[in-house]
$ cat my_file-v8.pdb   # PDB, C-alpha atoms, pLDDT in the B column
ATOM      1  CA  MET A 139      47.015  47.093 128.469  1.00 53.00           C
ATOM      2  CA  ALA A 140      48.795  44.010 127.101  1.00 70.00           C
ATOM      3  CA  THR A 141      50.799  46.223 124.731  1.00 65.00           C
ATOM      4  CA  LEU A 142      52.084  48.368 127.585  1.00 65.00           C
ATOM      5  CA  ASP A 143      53.010  45.219 129.526  1.00 64.00           C
ATOM      6  CA  ARG A 144      55.065  43.927 126.552  1.00 63.00           C
ATOM      7  CA  ILE A 145      56.825  47.280 126.173  1.00 65.00           C
ATOM      8  CA  GLU A 146      57.510  47.400 129.916  1.00 70.00           C
ATOM      9  CA  ARG A 147      59.007  43.863 129.822  1.00 68.00           C
ATOM     10  CA  LEU A 148      61.235  44.826 126.884  1.00 61.00           C
ATOM     11  CA  ALA A 149      62.387  47.977 128.691  1.00 65.00           C
ATOM     12  CA  ALA A 150      63.139  45.965 131.842  1.00 62.00           C
ATOM     13  CA  ASN A 151      65.066  43.286 129.912  1.00 70.00           C
ATOM     14  CA  PRO A 152      66.545  44.726 126.688  1.00 78.00           C
ATOM     15  CA  ALA A 153      68.966  41.798 126.111  1.00 85.00           C
ATOM     16  CA  ALA A 154      67.619  41.135 122.599  1.00 88.00           C
ATOM     17  CA  ILE A 155      68.135  44.792 121.667  1.00 89.00           C
ATOM     18  CA  MET A 156      71.663  44.760 123.085  1.00 91.00           C
ATOM     19  CA  SER A 157      72.492  41.646 121.101  1.00 94.00           C
ATOM     20  CA  GLU A 158      71.357  43.303 117.871  1.00 94.00           C
ATOM     21  CA  ILE A 159      73.344  46.442 118.715  1.00 95.00           C
ATOM     22  CA  ALA A 160      76.480  44.348 119.397  1.00 96.00           C
ATOM     23  CA  SER A 161      76.115  42.678 115.984  1.00 96.00           C
ATOM     24  CA  PHE A 162      75.735  46.090 114.362  1.00 97.00           C
ATOM     25  CA  LEU A 163      78.861  47.366 116.162  1.00 97.00           C
ATOM     26  CA  VAL A 164      80.940  44.456 114.842  1.00 97.00           C
ATOM     27  CA  THR A 165      79.736  45.044 111.285  1.00 96.00           C
ATOM     28  CA  ARG A 166      80.358  48.790 111.521  1.00 96.00           C
ATOM     29  CA  THR A 167      83.848  48.325 112.998  1.00 96.00           C
ATOM     30  CA  GLN A 168      84.766  45.925 110.204  1.00 95.00           C
ATOM     31  CA  ARG A 169      83.450  48.524 107.758  1.00 94.00           C
ATOM     32  CA  HIS A 170      85.902  51.043 109.241  1.00 94.00           C
ATOM     33  CA  PHE A 171      88.702  48.623 108.291  1.00 91.00           C
ATOM     34  CA  GLN A 172      87.335  48.203 104.774  1.00 91.00           C
ATOM     35  CA  THR A 173      86.998  51.949 104.149  1.00 92.00           C
ATOM     36  CA  GLU A 174      90.186  52.771 106.112  1.00 91.00           C
ATOM     37  CA  THR A 175      88.475  55.667 107.858  1.00 92.00           C
ATOM     38  CA  GLY A 176      88.472  57.038 111.372  1.00 92.00           C
ATOM     39  CA  PRO A 177      86.303  59.685 112.980  1.00 94.00           C
ATOM     40  CA  ASP A 178      88.473  62.399 111.387  1.00 93.00           C
ATOM     41  CA  GLY A 179      88.559  60.937 107.863  1.00 92.00           C
ATOM     42  CA  LYS A 180      90.864  58.613 105.936  1.00 92.00           C
ATOM     43  CA  TRP A 181      93.686  56.898 107.815  1.00 91.00           C
ATOM     44  CA  GLN A 182      97.226  58.095 107.242  1.00 88.00           C
ATOM     45  CA  PRO A 183      98.813  55.965 104.496  1.00 86.00           C
ATOM     46  CA  LEU A 184     101.591  53.519 105.273  1.00 82.00           C
ATOM     47  CA  SER A 185     105.127  54.860 105.212  1.00 81.00           C
ATOM     48  CA  PRO A 186     106.887  54.259 101.884  1.00 81.00           C
ATOM     49  CA  ARG A 187     109.226  51.785 103.609  1.00 78.00           C
ATOM     50  CA  THR A 188     106.361  49.723 105.054  1.00 78.00           C
ATOM     51  CA  ALA A 189     104.457  49.793 101.750  1.00 74.00           C
ATOM     52  CA  ALA A 190     107.569  48.652  99.857  1.00 74.00           C
ATOM     53  CA  ARG A 191     108.095  45.788 102.313  1.00 72.00           C
ATOM     54  CA  ARG A 192     104.568  44.545 101.601  1.00 65.00           C
ATOM     55  CA  ILE A 193     105.073  44.350  97.826  1.00 62.00           C
ATOM     56  CA  GLY A 194     104.878  40.729  96.698  1.00 57.00           C
ATOM     57  CA  ARG A 195     102.861  39.578  99.708  1.00 52.00           C
ATOM     58  CA  ARG A 196      99.132  38.838  99.713  1.00 53.00           C
ATOM     59  CA  GLN A 197      98.212  42.510 100.133  1.00 49.00           C
ATOM     60  CA  ARG A 198     100.208  44.958  98.076  1.00 57.00           C
ATOM     61  CA  GLY A 199     101.684  48.320  98.946  1.00 53.00           C
ATOM     62  CA  ASN A 200      99.271  50.732 100.593  1.00 60.00           C
ATOM     63  CA  ALA A 201      96.204  48.523 100.084  1.00 68.00           C
ATOM     64  CA  HIS A 202      94.449  47.120 103.157  1.00 77.00           C
ATOM     65  CA  ILE A 203      96.365  49.159 105.741  1.00 80.00           C
ATOM     66  CA  LEU A 204      95.401  47.229 108.919  1.00 82.00           C
ATOM     67  CA  ARG A 205      94.487  43.989 107.128  1.00 79.00           C
ATOM     68  CA  ASP A 206      97.860  42.632 105.980  1.00 75.00           C
ATOM     69  CA  THR A 207      97.325  39.259 107.686  1.00 80.00           C
ATOM     70  CA  GLY A 208      93.653  39.753 108.612  1.00 85.00           C
ATOM     71  CA  ARG A 209      94.268  38.863 112.260  1.00 93.00           C
ATOM     72  CA  LEU A 210      93.144  42.187 113.757  1.00 93.00           C
ATOM     73  CA  TYR A 211      90.152  42.485 111.416  1.00 93.00           C
ATOM     74  CA  GLN A 212      88.992  38.935 112.175  1.00 95.00           C
ATOM     75  CA  SER A 213      89.435  39.395 115.926  1.00 96.00           C
ATOM     76  CA  ILE A 214      86.689  42.025 116.190  1.00 96.00           C
ATOM     77  CA  THR A 215      83.938  40.611 118.381  1.00 97.00           C
ATOM     78  CA  GLY A 216      80.799  41.933 119.998  1.00 96.00           C
ATOM     79  CA  GLU A 217      79.334  41.113 123.371  1.00 96.00           C
ATOM     80  CA  ALA A 218      75.939  41.865 124.821  1.00 94.00           C
ATOM     81  CA  SER A 219      74.470  41.617 128.285  1.00 93.00           C
ATOM     82  CA  ASP A 220      71.056  42.495 129.639  1.00 90.00           C
ATOM     83  CA  THR A 221      72.014  46.185 129.815  1.00 89.00           C
ATOM     84  CA  GLU A 222      74.890  46.902 127.440  1.00 93.00           C
ATOM     85  CA  ALA A 223      76.509  46.117 124.113  1.00 94.00           C
ATOM     86  CA  SER A 224      80.208  46.348 123.324  1.00 95.00           C
ATOM     87  CA  VAL A 225      82.703  45.678 120.572  1.00 97.00           C
ATOM     88  CA  GLY A 226      86.420  45.026 120.852  1.00 96.00           C
ATOM     89  CA  THR A 227      89.388  42.798 120.189  1.00 96.00           C
ATOM     90  CA  ASN A 228      91.787  40.685 122.224  1.00 96.00           C
ATOM     91  CA  VAL A 229      94.747  41.334 119.911  1.00 95.00           C
ATOM     92  CA  LEU A 230      97.514  42.987 121.932  1.00 94.00           C
ATOM     93  CA  TYR A 231      98.755  45.309 119.186  1.00 93.00           C
ATOM     94  CA  ALA A 232      95.280  46.755 118.547  1.00 95.00           C
ATOM     95  CA  ALA A 233      95.848  49.583 121.049  1.00 95.00           C
ATOM     96  CA  ILE A 234      98.892  50.988 119.233  1.00 95.00           C
ATOM     97  CA  HIS A 235      96.901  51.122 115.998  1.00 94.00           C
ATOM     98  CA  GLN A 236      93.830  52.632 117.677  1.00 96.00           C
ATOM     99  CA  LEU A 237      95.725  55.281 119.656  1.00 96.00           C
ATOM    100  CA  GLY A 238      99.051  55.613 117.840  1.00 95.00           C
ATOM    101  CA  GLY A 239     102.366  55.905 119.607  1.00 95.00           C
ATOM    102  CA  GLU A 240     106.026  55.093 119.608  1.00 95.00           C
ATOM    103  CA  VAL A 241     107.382  51.551 119.680  1.00 92.00           C
ATOM    104  CA  LYS A 242     110.893  51.373 121.121  1.00 95.00           C
ATOM    105  CA  ILE A 243     113.014  48.570 119.716  1.00 93.00           C
ATOM    106  CA  PRO A 244     116.044  47.712 121.898  1.00 95.00           C
ATOM    107  CA  ALA A 245     119.487  47.044 120.453  1.00 95.00           C
ATOM    108  CA  ARG A 246     120.023  43.407 119.544  1.00 94.00           C
ATOM    109  CA  GLU A 247     122.302  40.986 117.795  1.00 95.00           C
ATOM    110  CA  GLN A 248     121.016  38.897 114.933  1.00 92.00           C
ATOM    111  CA  ASP A 249     122.287  36.458 112.334  1.00 92.00           C
ATOM    112  CA  ILE A 250     121.939  37.385 108.683  1.00 91.00           C
ATOM    113  CA  HIS A 251     122.416  34.952 105.826  1.00 91.00           C
ATOM    114  CA  LEU A 252     124.017  35.995 102.554  1.00 91.00           C
ATOM    115  CA  GLY A 253     124.267  34.042  99.352  1.00 89.00           C
ATOM    116  CA  ARG A 254     126.210  34.788  96.194  1.00 84.00           C
ATOM    117  CA  THR A 255     124.305  35.419  92.986  1.00 80.00           C
ATOM    118  CA  ASN A 256     125.292  36.759  89.599  1.00 82.00           C
ATOM    119  CA  ARG A 257     124.187  40.167  90.955  1.00 82.00           C
ATOM    120  CA  GLY A 258     126.424  40.029  94.043  1.00 84.00           C
ATOM    121  CA  ARG A 259     125.668  39.075  97.610  1.00 86.00           C
ATOM    122  CA  ARG A 260     121.987  38.916  98.559  1.00 86.00           C
ATOM    123  CA  PHE A 261     119.990  38.103 101.676  1.00 86.00           C
ATOM    124  CA  VAL A 262     118.806  34.489 101.631  1.00 87.00           C
ATOM    125  CA  LYS A 263     116.758  32.266 103.934  1.00 87.00           C
ATOM    126  CA  ALA A 264     118.505  30.498 106.786  1.00 87.00           C
ATOM    127  CA  SER A 265     117.695  27.182 105.097  1.00 88.00           C
ATOM    128  CA  ALA A 266     119.516  28.135 101.886  1.00 86.00           C
ATOM    129  CA  LYS A 267     122.497  26.061 100.818  1.00 86.00           C
ATOM    130  CA  ARG A 268     125.896  27.638 100.257  1.00 86.00           C
ATOM    131  CA  LYS A 269     125.266  30.699 102.369  1.00 88.00           C
ATOM    132  CA  GLU A 270     127.472  32.854 104.538  1.00 89.00           C
ATOM    133  CA  THR A 271     126.127  33.622 108.036  1.00 91.00           C
ATOM    134  CA  MET A 272     127.173  36.797 109.787  1.00 90.00           C
ATOM    135  CA  ARG A 273     126.352  38.061 113.283  1.00 94.00           C
ATOM    136  CA  VAL A 274     125.341  41.746 113.162  1.00 94.00           C
ATOM    137  CA  THR A 275     124.352  44.293 115.800  1.00 94.00           C
ATOM    138  CA  ILE A 276     121.239  46.344 115.205  1.00 93.00           C
ATOM    139  CA  GLY A 277     121.118  49.564 117.213  1.00 94.00           C
ATOM    140  CA  ALA A 278     118.199  50.655 119.355  1.00 95.00           C
ATOM    141  CA  HIS A 279     115.594  52.650 117.469  1.00 94.00           C
ATOM    142  CA  ALA A 280     111.984  53.797 117.656  1.00 94.00           C
ATOM    143  CA  ILE A 281     109.107  53.443 115.228  1.00 91.00           C
ATOM    144  CA  GLU A 282     106.302  56.019 115.249  1.00 93.00           C
ATOM    145  CA  ILE A 283     102.921  54.474 114.441  1.00 92.00           C
ATOM    146  CA  PRO A 284     100.149  56.973 113.615  1.00 94.00           C
ATOM    147  CA  ALA A 285      96.708  56.519 115.144  1.00 95.00           C
ATOM    148  CA  ARG A 286      94.337  54.683 112.840  1.00 94.00           C
ATOM    149  CA  PRO A 287      91.181  54.488 114.971  1.00 96.00           C
ATOM    150  CA  PHE A 288      88.711  51.769 114.084  1.00 95.00           C
ATOM    151  CA  LEU A 289      86.696  51.574 117.335  1.00 95.00           C
ATOM    152  CA  TYR A 290      84.415  54.618 117.323  1.00 95.00           C
ATOM    153  CA  LEU A 291      80.841  55.719 116.732  1.00 94.00           C
ATOM    154  CA  ASP A 292      79.912  58.533 114.388  1.00 93.00           C
ATOM    155  CA  ASP A 293      76.561  60.320 114.014  1.00 93.00           C
ATOM    156  CA  GLU A 294      75.370  57.788 111.434  1.00 93.00           C
ATOM    157  CA  ASP A 295      76.172  54.896 113.807  1.00 94.00           C
ATOM    158  CA  GLU A 296      74.329  56.549 116.680  1.00 94.00           C
ATOM    159  CA  ALA A 297      71.304  57.099 114.430  1.00 95.00           C
ATOM    160  CA  GLU A 298      71.349  53.412 113.426  1.00 95.00           C
ATOM    161  CA  ILE A 299      71.488  52.312 117.082  1.00 94.00           C
ATOM    162  CA  GLN A 300      68.543  54.604 117.788  1.00 92.00           C
ATOM    163  CA  ARG A 301      66.675  52.997 114.867  1.00 95.00           C
ATOM    164  CA  ILE A 302      67.409  49.483 116.230  1.00 93.00           C
ATOM    165  CA  VAL A 303      65.950  50.452 119.613  1.00 89.00           C
ATOM    166  CA  GLU A 304      62.915  52.173 118.087  1.00 88.00           C
ATOM    167  CA  ASP A 305      62.237  49.209 115.778  1.00 89.00           C
ATOM    168  CA  ALA A 306      62.378  46.801 118.723  1.00 85.00           C
ATOM    169  CA  PHE A 307      59.879  48.833 120.730  1.00 79.00           C
ATOM    170  CA  ARG A 308      57.675  49.343 117.664  1.00 84.00           C
ATOM    171  CA  ALA A 309      57.667  45.582 116.985  1.00 82.00           C
ATOM    172  CA  GLU A 310      56.815  44.903 120.636  1.00 77.00           C
ATOM    173  CA  ALA A 311      53.951  47.435 120.510  1.00 76.00           C
ATOM    174  CA  ASP A 312      52.652  45.725 117.359  1.00 77.00           C
ATOM    175  CA  GLY A 313      52.772  42.347 119.111  1.00 70.00           C
ATOM    176  CA  ALA A 314      55.753  40.911 117.223  1.00 60.00           C
ATOM    177  CA  ALA A 315      59.004  39.812 118.828  1.00 54.00           C
ATOM    178  CA  PRO A 316      62.004  42.135 118.193  1.00 52.00           C
TER     179      PRO A 316
END
$ encode --input "my_file-v8.pdb" --output "structure tokens"
Amino acid sequence: MATLDRIERLAANPAAIMSEIASFLVTRTQRHFQTETGPDGKWQPLSPRTAARRIGRRQRGNAHILRDTGRLYQSITGEASDTEASVGTNVLYAAIHQLGGEVKIPAREQDIHLGRTNRGRRFVKASAKRKETMRVTIGAHAIEIPARPFLYLDDEDEAEIQRIVEDAFRAEADGAAP
């Protein structure tokens, strides 16, 4: 009878199970970043222009598609309550990467800085000495960002969540804490 009472208490208050599921969801979501996969397979590679712009930075070319700075990856958190577990991020640009879409950039004016080298005029930093500063107008344009979903559950994830729940109830039936 004591075993049934323990199982009934766990079923009435599954907070410990939810906490373990939330931890699993964080780990699995971070794994999606590492493998660069969504529910439909590998993420679409970066555009050649974006990949070229990343050359020479910490992450190179097409490597680490959504982990250039690590901000989105590191922002993945899990939460658990008495009745549910969730995973998510508070980074504003996460939605455009998860769902895809078009980003509209309005027309704007901007200063560019040019310096003279033995290879002609080149872009230089604003702090550079002996530079020429020009005001330029950049026309309105749109950037299409493909969906690269990282928040999802596949069959393997659902099976692991089922295993977590079963293990907790099995441990409670055996008299051990989950």
$ closest_residue --input "my_file-v8.pdb" --among "A:Ala311, A:Ala190, A:Ile281, A:Ile155" --to "A:Glu240" --atoms "all atoms listed in the file"
A:Ile281
$ axis_aligned_box --input "my_file-v8.pdb" --around "stretch 237-245 of chain A" --padding-each-side "6 Å" --output "lines of an AutoDock Vina configuration file"
center_x = 107.6
center_y = 51.5
center_z = 119.9
size_x = 35.8
size_y = 20.9
size_z = 16.1
$ residues_near_point --input "my_file-v8.pdb" --point "(88.8, 45.0, 105.8)" --cutoff "6 Å" --atoms "only C-alpha atoms" --output "list of chain:residue names"
A:Phe171, A:Gln172, A:Arg205
$ residues_around --input "my_file-v8.pdb" --residues "stretch 216-233 of chain A" --least-positions-apart "6" --cutoff "9 Å" --atoms "all atoms listed in the file" --output "mmCIF file with C-alpha atoms, in the frame of the given file"
data_model
loop_
_atom_site.group_PDB
_atom_site.id
_atom_site.type_symbol
_atom_site.label_atom_id
_atom_site.label_comp_id
_atom_site.auth_asym_id
_atom_site.auth_seq_id
_atom_site.Cartn_x
_atom_site.Cartn_y
_atom_site.Cartn_z
ATOM 1 C CA ALA A 150 63.139 45.965 131.842
ATOM 2 C CA ASN A 151 65.066 43.286 129.912
ATOM 3 C CA PRO A 152 66.545 44.726 126.688
ATOM 4 C CA ALA A 153 68.966 41.798 126.111
ATOM 5 C CA ALA A 154 67.619 41.135 122.599
ATOM 6 C CA ILE A 155 68.135 44.792 121.667
ATOM 7 C CA MET A 156 71.663 44.760 123.085
ATOM 8 C CA SER A 157 72.492 41.646 121.101
ATOM 9 C CA GLU A 158 71.357 43.303 117.871
ATOM 10 C CA ILE A 159 73.344 46.442 118.715
ATOM 11 C CA ALA A 160 76.480 44.348 119.397
ATOM 12 C CA SER A 161 76.115 42.678 115.984
ATOM 13 C CA PHE A 162 75.735 46.090 114.362
ATOM 14 C CA LEU A 163 78.861 47.366 116.162
ATOM 15 C CA VAL A 164 80.940 44.456 114.842
ATOM 16 C CA THR A 167 83.848 48.325 112.998
ATOM 17 C CA ARG A 209 94.268 38.863 112.260
ATOM 18 C CA LEU A 210 93.144 42.187 113.757
ATOM 19 C CA LEU A 289 86.696 51.574 117.335
#
$ atom_distance --input "my_file-v8.pdb" --atom1 "atom CA of A:Tyr290" --atom2 "atom CA of A:Gly176"
7.6 Å
$ atom_distance --input "my_file-v8.pdb" --atom1 "atom CA of A:His202" --atom2 "atom CA of A:Arg166"
16.5 Å
$ resolve_selection --input "my_file-v8.pdb" --expression "the PyMOL selection byres ((chain A and resi 273) around 12)" --output "list of chain:residue names"
A:Arg246, A:Glu247, A:Gln248, A:Asp249, A:Ile250, A:His251, A:Leu252, A:Glu270, A:Thr271, A:Met272, A:Val274, A:Thr275, A:Ile276
$ atom_distance --input "my_file-v8.pdb" --atom1 "atom CA of A:Ile214" --atom2 "atom CA of A:Gln168"
7.4 Å
$ residues_around --input "my_file-v8.pdb" --residues "stretch 282-286 of chain A" --least-positions-apart "4" --cutoff "12 Å" --atoms "all atoms listed in the file" --output "ChimeraX atom specification"
/A:170-171,173-185,188,203-204,231-243,290
$ closest_residue --input "my_file-v8.pdb" --among "A:Gln212, A:Ala280, A:Phe307, A:Phe261" --to "A:Arg169" --atoms "only C-alpha atoms"
A:Gln212
$ closest_residue --input "my_file-v8.pdb" --among "A:Val303, A:Glu298, A:Ala140, A:Asp206" --to "A:Arg191" --atoms "only C-alpha atoms"
A:Asp206
$ build_atoms --input "my_file-v8.pdb" --residues "stretch 182-193 of chain A" --atoms "all heavy atoms" --output "PDB file, in the coordinates of the input"
ATOM      1  N   GLN A 182      95.944  57.715 107.838  1.00 88.00           N
ATOM      2  CA  GLN A 182      97.226  58.095 107.242  1.00 88.00           C
ATOM      3  C   GLN A 182      97.780  56.895 106.484  1.00 88.00           C
ATOM      4  O   GLN A 182      97.746  55.770 106.982  1.00 88.00           O
ATOM      5  CB  GLN A 182      98.193  58.515 108.343  1.00 88.00           C
ATOM      6  CG  GLN A 182      99.541  58.962 107.829  1.00 88.00           C
ATOM      7  CD  GLN A 182     100.435  59.454 108.957  1.00 88.00           C
ATOM      8  OE1 GLN A 182      99.967  59.922 109.974  1.00 88.00           O
ATOM      9  NE2 GLN A 182     101.736  59.345 108.754  1.00 88.00           N
ATOM     10  N   PRO A 183      98.284  57.101 105.264  1.00 86.00           N
ATOM     11  CA  PRO A 183      98.813  55.965 104.496  1.00 86.00           C
ATOM     12  C   PRO A 183     100.045  55.368 105.172  1.00 86.00           C
ATOM     13  O   PRO A 183     100.675  55.993 106.022  1.00 86.00           O
ATOM     14  CB  PRO A 183      99.170  56.561 103.141  1.00 86.00           C
ATOM     15  CG  PRO A 183      99.014  58.019 103.255  1.00 86.00           C
ATOM     16  CD  PRO A 183      98.364  58.356 104.544  1.00 86.00           C
ATOM     17  N   LEU A 184     100.381  54.160 104.765  1.00 82.00           N
ATOM     18  CA  LEU A 184     101.591  53.519 105.273  1.00 82.00           C
ATOM     19  C   LEU A 184     102.814  54.317 104.841  1.00 82.00           C
ATOM     20  O   LEU A 184     102.801  54.985 103.803  1.00 82.00           O
ATOM     21  CB  LEU A 184     101.706  52.097 104.721  1.00 82.00           C
ATOM     22  CG  LEU A 184     100.631  51.104 105.161  1.00 82.00           C
ATOM     23  CD1 LEU A 184     100.785  49.805 104.392  1.00 82.00           C
ATOM     24  CD2 LEU A 184     100.696  50.858 106.652  1.00 82.00           C
ATOM     25  N   SER A 185     103.879  54.212 105.617  1.00 81.00           N
ATOM     26  CA  SER A 185     105.127  54.860 105.212  1.00 81.00           C
ATOM     27  C   SER A 185     105.619  54.175 103.937  1.00 81.00           C
ATOM     28  O   SER A 185     105.313  53.004 103.691  1.00 81.00           O
ATOM     29  CB  SER A 185     106.174  54.728 106.311  1.00 81.00           C
ATOM     30  OG  SER A 185     106.632  53.397 106.397  1.00 81.00           O
ATOM     31  N   PRO A 186     106.372  54.879 103.113  1.00 81.00           N
ATOM     32  CA  PRO A 186     106.887  54.259 101.884  1.00 81.00           C
ATOM     33  C   PRO A 186     107.688  52.976 102.167  1.00 81.00           C
ATOM     34  O   PRO A 186     107.596  52.009 101.422  1.00 81.00           O
ATOM     35  CB  PRO A 186     107.779  55.347 101.279  1.00 81.00           C
ATOM     36  CG  PRO A 186     107.230  56.624 101.817  1.00 81.00           C
ATOM     37  CD  PRO A 186     106.721  56.303 103.197  1.00 81.00           C
ATOM     38  N   ARG A 187     108.425  52.967 103.258  1.00 78.00           N
ATOM     39  CA  ARG A 187     109.226  51.785 103.609  1.00 78.00           C
ATOM     40  C   ARG A 187     108.329  50.589 103.926  1.00 78.00           C
ATOM     41  O   ARG A 187     108.579  49.473 103.474  1.00 78.00           O
ATOM     42  CB  ARG A 187     110.128  52.121 104.791  1.00 78.00           C
ATOM     43  CG  ARG A 187     111.043  51.007 105.181  1.00 78.00           C
ATOM     44  CD  ARG A 187     111.964  51.448 106.286  1.00 78.00           C
ATOM     45  NE  ARG A 187     112.822  50.355 106.681  1.00 78.00           N
ATOM     46  CZ  ARG A 187     113.749  50.450 107.576  1.00 78.00           C
ATOM     47  NH1 ARG A 187     113.951  51.598 108.184  1.00 78.00           N
ATOM     48  NH2 ARG A 187     114.487  49.415 107.906  1.00 78.00           N
ATOM     49  N   THR A 188     107.280  50.813 104.715  1.00 78.00           N
ATOM     50  CA  THR A 188     106.361  49.723 105.054  1.00 78.00           C
ATOM     51  C   THR A 188     105.622  49.238 103.810  1.00 78.00           C
ATOM     52  O   THR A 188     105.473  48.040 103.596  1.00 78.00           O
ATOM     53  CB  THR A 188     105.356  50.181 106.131  1.00 78.00           C
ATOM     54  OG1 THR A 188     106.082  50.600 107.282  1.00 78.00           O
ATOM     55  CG2 THR A 188     104.394  49.067 106.502  1.00 78.00           C
ATOM     56  N   ALA A 189     105.167  50.170 102.983  1.00 74.00           N
ATOM     57  CA  ALA A 189     104.457  49.793 101.750  1.00 74.00           C
ATOM     58  C   ALA A 189     105.365  48.980 100.844  1.00 74.00           C
ATOM     59  O   ALA A 189     104.941  47.966 100.269  1.00 74.00           O
ATOM     60  CB  ALA A 189     103.947  51.035 101.028  1.00 74.00           C
ATOM     61  N   ALA A 190     106.629  49.381 100.718  1.00 74.00           N
ATOM     62  CA  ALA A 190     107.569  48.652  99.857  1.00 74.00           C
ATOM     63  C   ALA A 190     107.825  47.242 100.384  1.00 74.00           C
ATOM     64  O   ALA A 190     107.968  46.294  99.611  1.00 74.00           O
ATOM     65  CB  ALA A 190     108.884  49.421  99.756  1.00 74.00           C
ATOM     66  N   ARG A 191     107.855  47.100 101.712  1.00 72.00           N
ATOM     67  CA  ARG A 191     108.095  45.788 102.313  1.00 72.00           C
ATOM     68  C   ARG A 191     106.926  44.837 102.049  1.00 72.00           C
ATOM     69  O   ARG A 191     107.103  43.625 102.020  1.00 72.00           O
ATOM     70  CB  ARG A 191     108.319  45.963 103.818  1.00 72.00           C
ATOM     71  CG  ARG A 191     109.139  44.876 104.430  1.00 72.00           C
ATOM     72  CD  ARG A 191     109.518  45.148 105.878  1.00 72.00           C
ATOM     73  NE  ARG A 191     108.387  45.507 106.700  1.00 72.00           N
ATOM     74  CZ  ARG A 191     108.367  46.562 107.499  1.00 72.00           C
ATOM     75  NH1 ARG A 191     109.384  47.371 107.575  1.00 72.00           N
ATOM     76  NH2 ARG A 191     107.293  46.826 108.228  1.00 72.00           N
ATOM     77  N   ARG A 192     105.746  45.378 101.826  1.00 65.00           N
ATOM     78  CA  ARG A 192     104.568  44.545 101.601  1.00 65.00           C
ATOM     79  C   ARG A 192     104.418  44.121 100.147  1.00 65.00           C
ATOM     80  O   ARG A 192     103.614  43.254  99.842  1.00 65.00           O
ATOM     81  CB  ARG A 192     103.310  45.290 102.035  1.00 65.00           C
ATOM     82  CG  ARG A 192     103.267  45.474 103.541  1.00 65.00           C
ATOM     83  CD  ARG A 192     102.114  46.325 103.962  1.00 65.00           C
ATOM     84  NE  ARG A 192     100.870  45.638 103.730  1.00 65.00           N
ATOM     85  CZ  ARG A 192      99.682  46.149 104.021  1.00 65.00           C
ATOM     86  NH1 ARG A 192      99.595  47.334 104.547  1.00 65.00           N
ATOM     87  NH2 ARG A 192      98.593  45.481 103.777  1.00 65.00           N
ATOM     88  N   ILE A 193     105.161  44.708  99.241  1.00 62.00           N
ATOM     89  CA  ILE A 193     105.073  44.350  97.826  1.00 62.00           C
ATOM     90  C   ILE A 193     105.424  42.869  97.680  1.00 62.00           C
ATOM     91  O   ILE A 193     106.398  42.397  98.235  1.00 62.00           O
ATOM     92  CB  ILE A 193     106.023  45.211  96.960  1.00 62.00           C
ATOM     93  CG1 ILE A 193     105.664  46.687  97.087  1.00 62.00           C
ATOM     94  CG2 ILE A 193     106.033  44.750  95.511  1.00 62.00           C
ATOM     95  CD1 ILE A 193     104.321  47.078  96.529  1.00 62.00           C
TER      96      ILE A 193
END
